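> work-v2.txt is reproduced below (compact mmCIF, N, CA and C atoms).
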```txt
# COMPACT_ATOMS: atom_id res chain seq x y z
N LEU A 1 192.53 104.61 -90.39
CA LEU A 1 192.71 105.79 -89.54
C LEU A 1 193.45 106.88 -90.32
N ALA A 2 192.90 108.05 -90.32
CA ALA A 2 193.55 109.17 -91.00
C ALA A 2 194.87 109.48 -90.30
N SER A 3 195.82 110.04 -91.04
CA SER A 3 197.07 110.36 -90.35
C SER A 3 196.93 111.73 -89.70
N MET A 4 197.41 111.80 -88.48
CA MET A 4 197.31 113.02 -87.69
C MET A 4 198.11 114.14 -88.38
N PRO A 5 197.55 115.35 -88.44
CA PRO A 5 198.30 116.45 -89.06
C PRO A 5 199.64 116.66 -88.34
N LYS A 6 200.66 116.92 -89.13
CA LYS A 6 201.99 117.21 -88.54
C LYS A 6 201.94 118.56 -87.83
N PRO A 7 202.82 118.75 -86.85
CA PRO A 7 202.86 120.05 -86.16
C PRO A 7 203.06 121.20 -87.16
N LEU A 8 202.42 122.32 -86.87
CA LEU A 8 202.57 123.52 -87.69
C LEU A 8 203.34 124.56 -86.88
N MET A 9 204.39 125.10 -87.47
CA MET A 9 205.19 126.15 -86.82
C MET A 9 204.85 127.49 -87.45
N ILE A 10 204.56 128.46 -86.61
CA ILE A 10 204.37 129.83 -87.07
C ILE A 10 205.50 130.63 -86.44
N TYR A 11 206.27 131.31 -87.29
CA TYR A 11 207.46 132.04 -86.81
C TYR A 11 207.18 133.53 -86.65
N PHE A 12 207.91 134.14 -85.74
CA PHE A 12 207.72 135.54 -85.40
C PHE A 12 209.01 136.33 -85.56
N GLU A 13 208.87 137.64 -85.80
CA GLU A 13 210.03 138.51 -85.83
C GLU A 13 210.49 138.76 -84.40
N PHE A 14 211.72 139.24 -84.27
CA PHE A 14 212.29 139.53 -82.97
C PHE A 14 211.39 140.48 -82.18
N ASP A 15 211.09 140.11 -80.93
CA ASP A 15 210.34 140.94 -79.99
C ASP A 15 208.93 141.28 -80.48
N LYS A 16 208.35 140.44 -81.34
CA LYS A 16 207.00 140.68 -81.86
C LYS A 16 206.09 139.50 -81.53
N ALA A 17 204.80 139.79 -81.38
CA ALA A 17 203.82 138.74 -81.14
C ALA A 17 202.77 138.70 -82.25
N ASN A 18 202.99 139.49 -83.32
CA ASN A 18 202.06 139.42 -84.44
C ASN A 18 202.74 138.71 -85.61
N PHE A 19 201.93 138.13 -86.48
CA PHE A 19 202.50 137.39 -87.60
C PHE A 19 201.64 137.65 -88.83
N LYS A 20 202.22 137.43 -90.00
CA LYS A 20 201.48 137.58 -91.26
C LYS A 20 200.77 136.27 -91.56
N THR A 21 199.47 136.38 -91.85
CA THR A 21 198.76 135.17 -92.24
C THR A 21 199.26 134.75 -93.61
N ASP A 22 199.06 133.51 -93.91
CA ASP A 22 199.67 132.92 -95.09
C ASP A 22 198.71 131.83 -95.60
N PRO A 23 198.44 131.76 -96.91
CA PRO A 23 197.53 130.73 -97.42
C PRO A 23 197.98 129.32 -97.02
N GLN A 24 199.29 129.14 -96.86
CA GLN A 24 199.81 127.84 -96.44
C GLN A 24 199.32 127.51 -95.02
N TYR A 25 199.31 128.51 -94.13
CA TYR A 25 198.78 128.29 -92.78
C TYR A 25 197.31 127.88 -92.87
N ASP A 26 196.55 128.61 -93.71
CA ASP A 26 195.11 128.35 -93.80
C ASP A 26 194.82 126.91 -94.22
N SER A 27 195.59 126.41 -95.20
CA SER A 27 195.32 125.04 -95.65
C SER A 27 195.71 124.03 -94.58
N ARG A 28 196.79 124.31 -93.85
CA ARG A 28 197.19 123.41 -92.75
C ARG A 28 196.16 123.44 -91.62
N ILE A 29 195.63 124.63 -91.34
CA ILE A 29 194.64 124.76 -90.26
C ILE A 29 193.36 124.02 -90.64
N ALA A 30 193.03 124.01 -91.94
CA ALA A 30 191.87 123.24 -92.40
C ALA A 30 192.06 121.75 -92.08
N GLU A 31 193.31 121.25 -92.19
CA GLU A 31 193.59 119.84 -91.83
C GLU A 31 193.32 119.61 -90.34
N PHE A 32 193.80 120.55 -89.51
CA PHE A 32 193.57 120.42 -88.06
C PHE A 32 192.07 120.45 -87.76
N LYS A 33 191.36 121.35 -88.43
CA LYS A 33 189.93 121.51 -88.19
C LYS A 33 189.18 120.22 -88.52
N SER A 34 189.52 119.61 -89.67
CA SER A 34 188.80 118.37 -90.03
C SER A 34 189.16 117.23 -89.07
N TRP A 35 190.41 117.22 -88.58
CA TRP A 35 190.79 116.22 -87.58
C TRP A 35 189.95 116.39 -86.32
N LEU A 36 189.82 117.62 -85.84
CA LEU A 36 189.04 117.90 -84.63
C LEU A 36 187.58 117.48 -84.81
N GLU A 37 187.05 117.68 -86.02
CA GLU A 37 185.66 117.27 -86.28
C GLU A 37 185.52 115.75 -86.22
N LYS A 38 186.53 115.04 -86.75
CA LYS A 38 186.49 113.57 -86.77
C LYS A 38 186.72 112.97 -85.39
N TYR A 39 187.58 113.62 -84.60
CA TYR A 39 188.00 113.05 -83.32
C TYR A 39 187.66 114.04 -82.19
N PRO A 40 186.43 113.93 -81.66
CA PRO A 40 185.98 114.90 -80.65
C PRO A 40 186.79 114.88 -79.36
N ALA A 41 187.57 113.83 -79.11
CA ALA A 41 188.38 113.77 -77.88
C ALA A 41 189.73 114.47 -78.06
N SER A 42 189.95 115.07 -79.23
CA SER A 42 191.25 115.72 -79.45
C SER A 42 191.12 117.24 -79.29
N VAL A 43 192.24 117.87 -78.95
CA VAL A 43 192.31 119.33 -78.84
C VAL A 43 193.58 119.80 -79.55
N LEU A 44 193.62 121.07 -79.86
CA LEU A 44 194.85 121.66 -80.40
C LEU A 44 195.65 122.21 -79.24
N SER A 45 196.92 121.92 -79.25
CA SER A 45 197.85 122.50 -78.28
C SER A 45 198.62 123.60 -79.00
N VAL A 46 198.56 124.82 -78.47
CA VAL A 46 199.24 125.97 -79.07
C VAL A 46 200.30 126.43 -78.06
N THR A 47 201.57 126.21 -78.41
CA THR A 47 202.66 126.48 -77.48
C THR A 47 203.57 127.58 -78.04
N GLY A 48 203.69 128.67 -77.28
CA GLY A 48 204.54 129.78 -77.69
C GLY A 48 205.95 129.59 -77.18
N HIS A 49 206.92 130.03 -78.00
CA HIS A 49 208.34 129.94 -77.66
C HIS A 49 209.01 131.27 -77.95
N ALA A 50 210.15 131.51 -77.30
CA ALA A 50 210.93 132.73 -77.52
C ALA A 50 212.40 132.36 -77.64
N ASP A 51 213.20 133.32 -78.12
CA ASP A 51 214.64 133.08 -78.12
C ASP A 51 215.22 133.48 -76.75
N LEU A 52 216.52 133.43 -76.63
CA LEU A 52 217.18 133.62 -75.34
C LEU A 52 217.52 135.08 -75.05
N VAL A 53 217.25 135.98 -76.02
CA VAL A 53 217.61 137.39 -75.84
C VAL A 53 216.61 138.02 -74.87
N GLY A 54 217.12 138.67 -73.82
CA GLY A 54 216.24 139.33 -72.86
C GLY A 54 216.03 138.48 -71.62
N ALA A 55 215.30 139.05 -70.67
CA ALA A 55 215.04 138.36 -69.39
C ALA A 55 214.10 137.19 -69.61
N SER A 56 214.30 136.13 -68.85
CA SER A 56 213.48 134.94 -69.06
C SER A 56 212.00 135.20 -68.73
N GLU A 57 211.70 136.05 -67.75
CA GLU A 57 210.29 136.38 -67.43
C GLU A 57 209.65 137.08 -68.63
N TYR A 58 210.41 137.99 -69.25
CA TYR A 58 209.89 138.71 -70.42
C TYR A 58 209.64 137.73 -71.55
N ASN A 59 210.57 136.81 -71.78
CA ASN A 59 210.42 135.84 -72.86
C ASN A 59 209.24 134.91 -72.62
N GLN A 60 209.01 134.56 -71.36
CA GLN A 60 207.86 133.73 -71.01
C GLN A 60 206.57 134.46 -71.40
N ALA A 61 206.48 135.74 -71.06
CA ALA A 61 205.28 136.54 -71.37
C ALA A 61 205.14 136.74 -72.88
N LEU A 62 206.24 137.01 -73.56
CA LEU A 62 206.22 137.22 -75.01
C LEU A 62 205.76 135.93 -75.72
N ALA A 63 206.27 134.80 -75.29
CA ALA A 63 205.90 133.53 -75.90
C ALA A 63 204.40 133.27 -75.70
N LEU A 64 203.87 133.66 -74.54
CA LEU A 64 202.43 133.50 -74.29
C LEU A 64 201.63 134.43 -75.21
N GLN A 65 202.09 135.67 -75.39
CA GLN A 65 201.41 136.59 -76.31
C GLN A 65 201.38 136.00 -77.72
N ARG A 66 202.47 135.37 -78.13
CA ARG A 66 202.52 134.73 -79.45
C ARG A 66 201.50 133.60 -79.55
N ALA A 67 201.44 132.77 -78.51
CA ALA A 67 200.48 131.65 -78.51
C ALA A 67 199.05 132.18 -78.55
N LEU A 68 198.78 133.25 -77.80
CA LEU A 68 197.43 133.82 -77.78
C LEU A 68 197.06 134.43 -79.13
N ALA A 69 198.03 135.04 -79.82
CA ALA A 69 197.78 135.60 -81.15
C ALA A 69 197.40 134.47 -82.12
N VAL A 70 198.10 133.34 -82.02
CA VAL A 70 197.79 132.20 -82.89
C VAL A 70 196.43 131.61 -82.51
N GLU A 71 196.13 131.56 -81.20
CA GLU A 71 194.83 131.05 -80.77
C GLU A 71 193.69 131.90 -81.38
N LYS A 72 193.83 133.22 -81.34
CA LYS A 72 192.80 134.11 -81.94
C LYS A 72 192.65 133.82 -83.43
N TYR A 73 193.77 133.61 -84.10
CA TYR A 73 193.76 133.30 -85.53
C TYR A 73 193.01 131.98 -85.78
N LEU A 74 193.27 130.97 -84.95
CA LEU A 74 192.59 129.67 -85.10
C LEU A 74 191.09 129.84 -84.90
N GLU A 75 190.71 130.67 -83.92
CA GLU A 75 189.29 130.91 -83.67
C GLU A 75 188.64 131.59 -84.89
N LYS A 76 189.36 132.53 -85.52
CA LYS A 76 188.83 133.18 -86.73
C LYS A 76 188.67 132.18 -87.86
N GLN A 77 189.46 131.10 -87.83
CA GLN A 77 189.36 130.05 -88.85
C GLN A 77 188.25 129.06 -88.51
N GLY A 78 187.51 129.31 -87.43
CA GLY A 78 186.35 128.48 -87.09
C GLY A 78 186.62 127.38 -86.08
N ILE A 79 187.76 127.42 -85.40
CA ILE A 79 188.04 126.40 -84.38
C ILE A 79 187.60 126.97 -83.03
N SER A 80 186.80 126.22 -82.32
CA SER A 80 186.25 126.67 -81.05
C SER A 80 187.34 126.83 -79.98
N ALA A 81 187.26 127.91 -79.21
CA ALA A 81 188.24 128.16 -78.14
C ALA A 81 188.30 127.00 -77.16
N GLY A 82 187.18 126.31 -76.97
CA GLY A 82 187.14 125.18 -76.06
C GLY A 82 187.95 123.98 -76.52
N ARG A 83 188.39 124.01 -77.78
CA ARG A 83 189.19 122.90 -78.33
C ARG A 83 190.67 123.27 -78.42
N ILE A 84 191.04 124.42 -77.81
CA ILE A 84 192.42 124.90 -77.91
C ILE A 84 193.01 125.05 -76.50
N THR A 85 194.19 124.50 -76.30
CA THR A 85 194.95 124.68 -75.07
C THR A 85 196.15 125.55 -75.41
N THR A 86 196.32 126.64 -74.67
CA THR A 86 197.39 127.59 -74.99
C THR A 86 198.38 127.65 -73.84
N LEU A 87 199.67 127.57 -74.14
CA LEU A 87 200.68 127.69 -73.09
C LEU A 87 201.96 128.30 -73.63
N SER A 88 202.84 128.67 -72.70
CA SER A 88 204.11 129.29 -73.06
C SER A 88 205.24 128.47 -72.48
N LYS A 89 206.24 128.21 -73.32
CA LYS A 89 207.47 127.57 -72.85
C LYS A 89 208.60 128.58 -72.77
N GLY A 90 208.31 129.84 -73.14
CA GLY A 90 209.35 130.87 -73.10
C GLY A 90 210.57 130.44 -73.88
N GLU A 91 211.73 130.47 -73.21
CA GLU A 91 212.98 130.09 -73.87
C GLU A 91 213.42 128.68 -73.49
N GLU A 92 212.52 127.91 -72.82
CA GLU A 92 212.90 126.60 -72.25
C GLU A 92 213.15 125.49 -73.26
N GLU A 93 212.50 125.53 -74.42
CA GLU A 93 212.62 124.42 -75.38
C GLU A 93 213.08 124.93 -76.74
N PRO A 94 214.36 125.27 -76.87
CA PRO A 94 214.83 125.78 -78.16
C PRO A 94 214.71 124.73 -79.26
N ALA A 95 214.40 125.21 -80.47
CA ALA A 95 214.33 124.33 -81.64
C ALA A 95 215.66 124.35 -82.37
N ALA A 96 216.48 125.35 -82.07
CA ALA A 96 217.75 125.53 -82.78
C ALA A 96 218.73 126.23 -81.84
N ASP A 97 219.90 126.56 -82.37
CA ASP A 97 220.92 127.19 -81.53
C ASP A 97 220.57 128.65 -81.24
N TYR A 98 221.29 129.24 -80.32
CA TYR A 98 221.11 130.65 -79.98
C TYR A 98 222.25 131.50 -80.49
N LEU A 99 223.24 130.90 -81.14
CA LEU A 99 224.44 131.62 -81.52
C LEU A 99 224.26 132.39 -82.82
N THR A 100 223.41 131.88 -83.73
CA THR A 100 223.23 132.55 -85.02
C THR A 100 221.86 133.22 -85.06
N SER A 101 221.73 134.26 -85.89
CA SER A 101 220.42 134.91 -86.00
C SER A 101 219.40 133.94 -86.61
N GLU A 102 219.86 133.06 -87.50
CA GLU A 102 218.96 132.06 -88.09
C GLU A 102 218.44 131.12 -87.01
N GLY A 103 219.33 130.65 -86.13
CA GLY A 103 218.92 129.77 -85.04
C GLY A 103 217.95 130.46 -84.10
N ARG A 104 218.26 131.70 -83.73
CA ARG A 104 217.35 132.44 -82.85
C ARG A 104 215.99 132.62 -83.50
N GLY A 105 215.98 132.85 -84.82
CA GLY A 105 214.72 132.99 -85.56
C GLY A 105 213.86 131.74 -85.48
N LYS A 106 214.49 130.58 -85.53
CA LYS A 106 213.74 129.32 -85.44
C LYS A 106 213.16 129.11 -84.04
N ASN A 107 213.75 129.74 -83.03
CA ASN A 107 213.25 129.62 -81.66
C ASN A 107 212.06 130.54 -81.40
N ARG A 108 211.90 131.58 -82.22
CA ARG A 108 210.77 132.51 -82.06
C ARG A 108 209.58 131.95 -82.82
N ARG A 109 208.83 131.07 -82.15
CA ARG A 109 207.79 130.34 -82.87
C ARG A 109 206.62 130.01 -81.96
N THR A 110 205.53 129.66 -82.59
CA THR A 110 204.40 129.04 -81.91
C THR A 110 204.14 127.74 -82.64
N GLU A 111 203.98 126.68 -81.87
CA GLU A 111 203.82 125.34 -82.42
C GLU A 111 202.38 124.87 -82.17
N ILE A 112 201.72 124.42 -83.24
CA ILE A 112 200.37 123.89 -83.13
C ILE A 112 200.43 122.38 -83.32
N THR A 113 199.95 121.64 -82.33
CA THR A 113 199.93 120.17 -82.43
C THR A 113 198.58 119.65 -81.94
N ILE A 114 198.31 118.40 -82.28
CA ILE A 114 197.09 117.72 -81.82
C ILE A 114 197.41 116.98 -80.53
N LYS A 115 196.54 117.09 -79.55
CA LYS A 115 196.66 116.30 -78.33
C LYS A 115 195.39 115.46 -78.20
N MET A 116 195.56 114.17 -77.98
CA MET A 116 194.41 113.30 -77.75
C MET A 116 194.14 113.27 -76.24
N GLN A 117 192.88 113.35 -75.87
CA GLN A 117 192.57 113.36 -74.44
C GLN A 117 192.01 112.04 -73.97
```
Any chance you could give the structure as C-alpha cells?

Amino acid sequence: LASMPKPLMIYFEFDKANFKTDPQYDSRIAEFKSWLEKYPASVLSVTGHADLVGASEYNQALALQRALAVEKYLEKQGISAGRITTLSKGEEEPAADYLTSEGRGKNRRTEITIKMQ
C-alpha cells in the first residue's frame, strides 16, 4: 500500500485570500493527484483557517475564501471539483499561538488532506 500523502499547508498573508504558487506545492499536489487516481473512494479535504484578529464571522468567511482559492488552484492542476470537499474552520482550530506574529501567521492557512470515504 502506498503511503498516503502528508497534509499540505498553504499559508496566507494577513487579511488576504490569495497566495503565491510555488513549485513545491505543485510537486506535492501531484502526489495527491496520483493518490486520488489510485484510490477512487478518496477525496481531498481543503480546510481554510484564520487567525484571531477581527470578528469571528469575518474570519470564518475569510478562511472559506482561502479554501476556495486553494480549491481553484487544485482544479487548475487537474483535480476534479467533484473530488474536493471545501470547508472553513475560521479561527476555531489554531495551529499555533495567537500572541506572536509568527504564531498568528501559522494560523492563516489552508490545509489539504486526504479523506477516505
> What does the distance from atom C of Ala61 in chain A to atom N of Ile29 in chain A come to in Å, to one decimal?
24.0 Å
> Please return, as number ranges by chain, all residues of chain A that DSSP assigns to strand (DSSP E or B) on the basis of the backbone.
A: 8-11, 42-49, 84-90, 109-116
> Pick out the residues sitting within 6 Å of Leu8 in chain A, and hand them over as a ChimeraX atom specification; count only N, CA and C atoms, and ignore anything fewer than 3 positions along from it in its own chain.
/A:110-113
> Can you tell me, as AutoDock Vina command-line options, the centre and edge lengths (Å, one decimal) of the axis-aligned box enclosing all of range 6-10 of chain A's listed atoms after padding each side by 3 Å?

```
--center_x 203.1 --center_y 123.8 --center_z -87.6 --size_x 10.8 --size_y 19.7 --size_z 9.0
```
> Dump as a PyMOL selection string all residues having an atom at most 7 Å from (198.3, 123.3, -74.9), computed in the file's coordinates with all atoms listed in the file.
chain A and resi 44-47+84-87
> Could you jot down the CA of Pro5 in chain A to CA of Trp35 in chain A separation for me, Å, one decimal place?
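So the answer is 7.7 Å.
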> Using only C-alpha atoms, what does the table of range 16-60 of chain A residues within 10 Å of range 93-104 of chain A look like, with each row giving the shortest atom pair and its distance in Å to one decimal, sorted by chain and ascending number, as CSV?

```
residue,atom,partner,partner_atom,distance
A:Gly48,CA,A:Glu93,CA,10.0
A:His49,CA,A:Glu93,CA,7.3
A:Ala50,CA,A:Pro94,CA,8.0
A:Asp51,CA,A:Arg104,CA,5.5
A:Leu52,CA,A:Tyr98,CA,6.8
A:Val53,CA,A:Arg104,CA,8.6
```
> Residues near range 66-79 of chain A, anyone? I mean within 5 Å using only N, CA and C atoms, not counting same-chain ones fewer than 2 positions away, as a ChimeraX atom specification.
/A:17,48,62-64,81
> Selected residues, N, CA and C atoms, written as a PDB file, keeping the file's coordinate frame, please.

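Written out: result.pdb:
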```
ATOM      1  N   ALA A  17     204.800 139.790 -81.380  1.00  0.00           N
ATOM      2  CA  ALA A  17     203.820 138.740 -81.140  1.00  0.00           C
ATOM      3  C   ALA A  17     202.770 138.700 -82.250  1.00  0.00           C
ATOM      4  N   GLY A  48     203.690 128.670 -77.280  1.00  0.00           N
ATOM      5  CA  GLY A  48     204.540 129.780 -77.690  1.00  0.00           C
ATOM      6  C   GLY A  48     205.950 129.590 -77.180  1.00  0.00           C
ATOM      7  N   LEU A  62     206.240 137.010 -73.560  1.00  0.00           N
ATOM      8  CA  LEU A  62     206.220 137.220 -75.010  1.00  0.00           C
ATOM      9  C   LEU A  62     205.760 135.930 -75.720  1.00  0.00           C
ATOM     10  N   ALA A  63     206.270 134.800 -75.290  1.00  0.00           N
ATOM     11  CA  ALA A  63     205.900 133.530 -75.900  1.00  0.00           C
ATOM     12  C   ALA A  63     204.400 133.270 -75.700  1.00  0.00           C
ATOM     13  N   LEU A  64     203.870 133.660 -74.540  1.00  0.00           N
ATOM     14  CA  LEU A  64     202.430 133.500 -74.290  1.00  0.00           C
ATOM     15  C   LEU A  64     201.630 134.430 -75.210  1.00  0.00           C
ATOM     16  N   ALA A  81     187.260 127.910 -79.210  1.00  0.00           N
ATOM     17  CA  ALA A  81     188.240 128.160 -78.140  1.00  0.00           C
ATOM     18  C   ALA A  81     188.300 127.000 -77.160  1.00  0.00           C
TER      19      ALA A  81
END
```
> Can you measure atom C of Ser27 in chain A to CA of Pro7 in chain A for me? One decimal in Å is fine.
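Going from atom C of Ser27 in chain A over to CA of Pro7 in chain A, I get 11.7 Å.
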> Between A:Tyr58, A:Tyr39, A:Phe14, A:Phe32, which is the closest to Arg109 in chain A once you count only C-alpha atoms?
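Among the listed residues, the smallest separation from Arg109 in chain A belongs to A:Phe14.
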> Quick one: residues within 6.5 Å of Met116 in chain A, only N, CA and C atoms, excluding same-chain residues fewer than 3 positions away - as JSON, numbers by chain?
{"A": [41, 42, 43]}
> May I have the protein, DNA and RNA residues with any atom at most 6 Å from the point (207.9, 130.7, -70.4), counting only C-alpha atoms, written as a PyMOL selection string?
chain A and resi 60+88-90
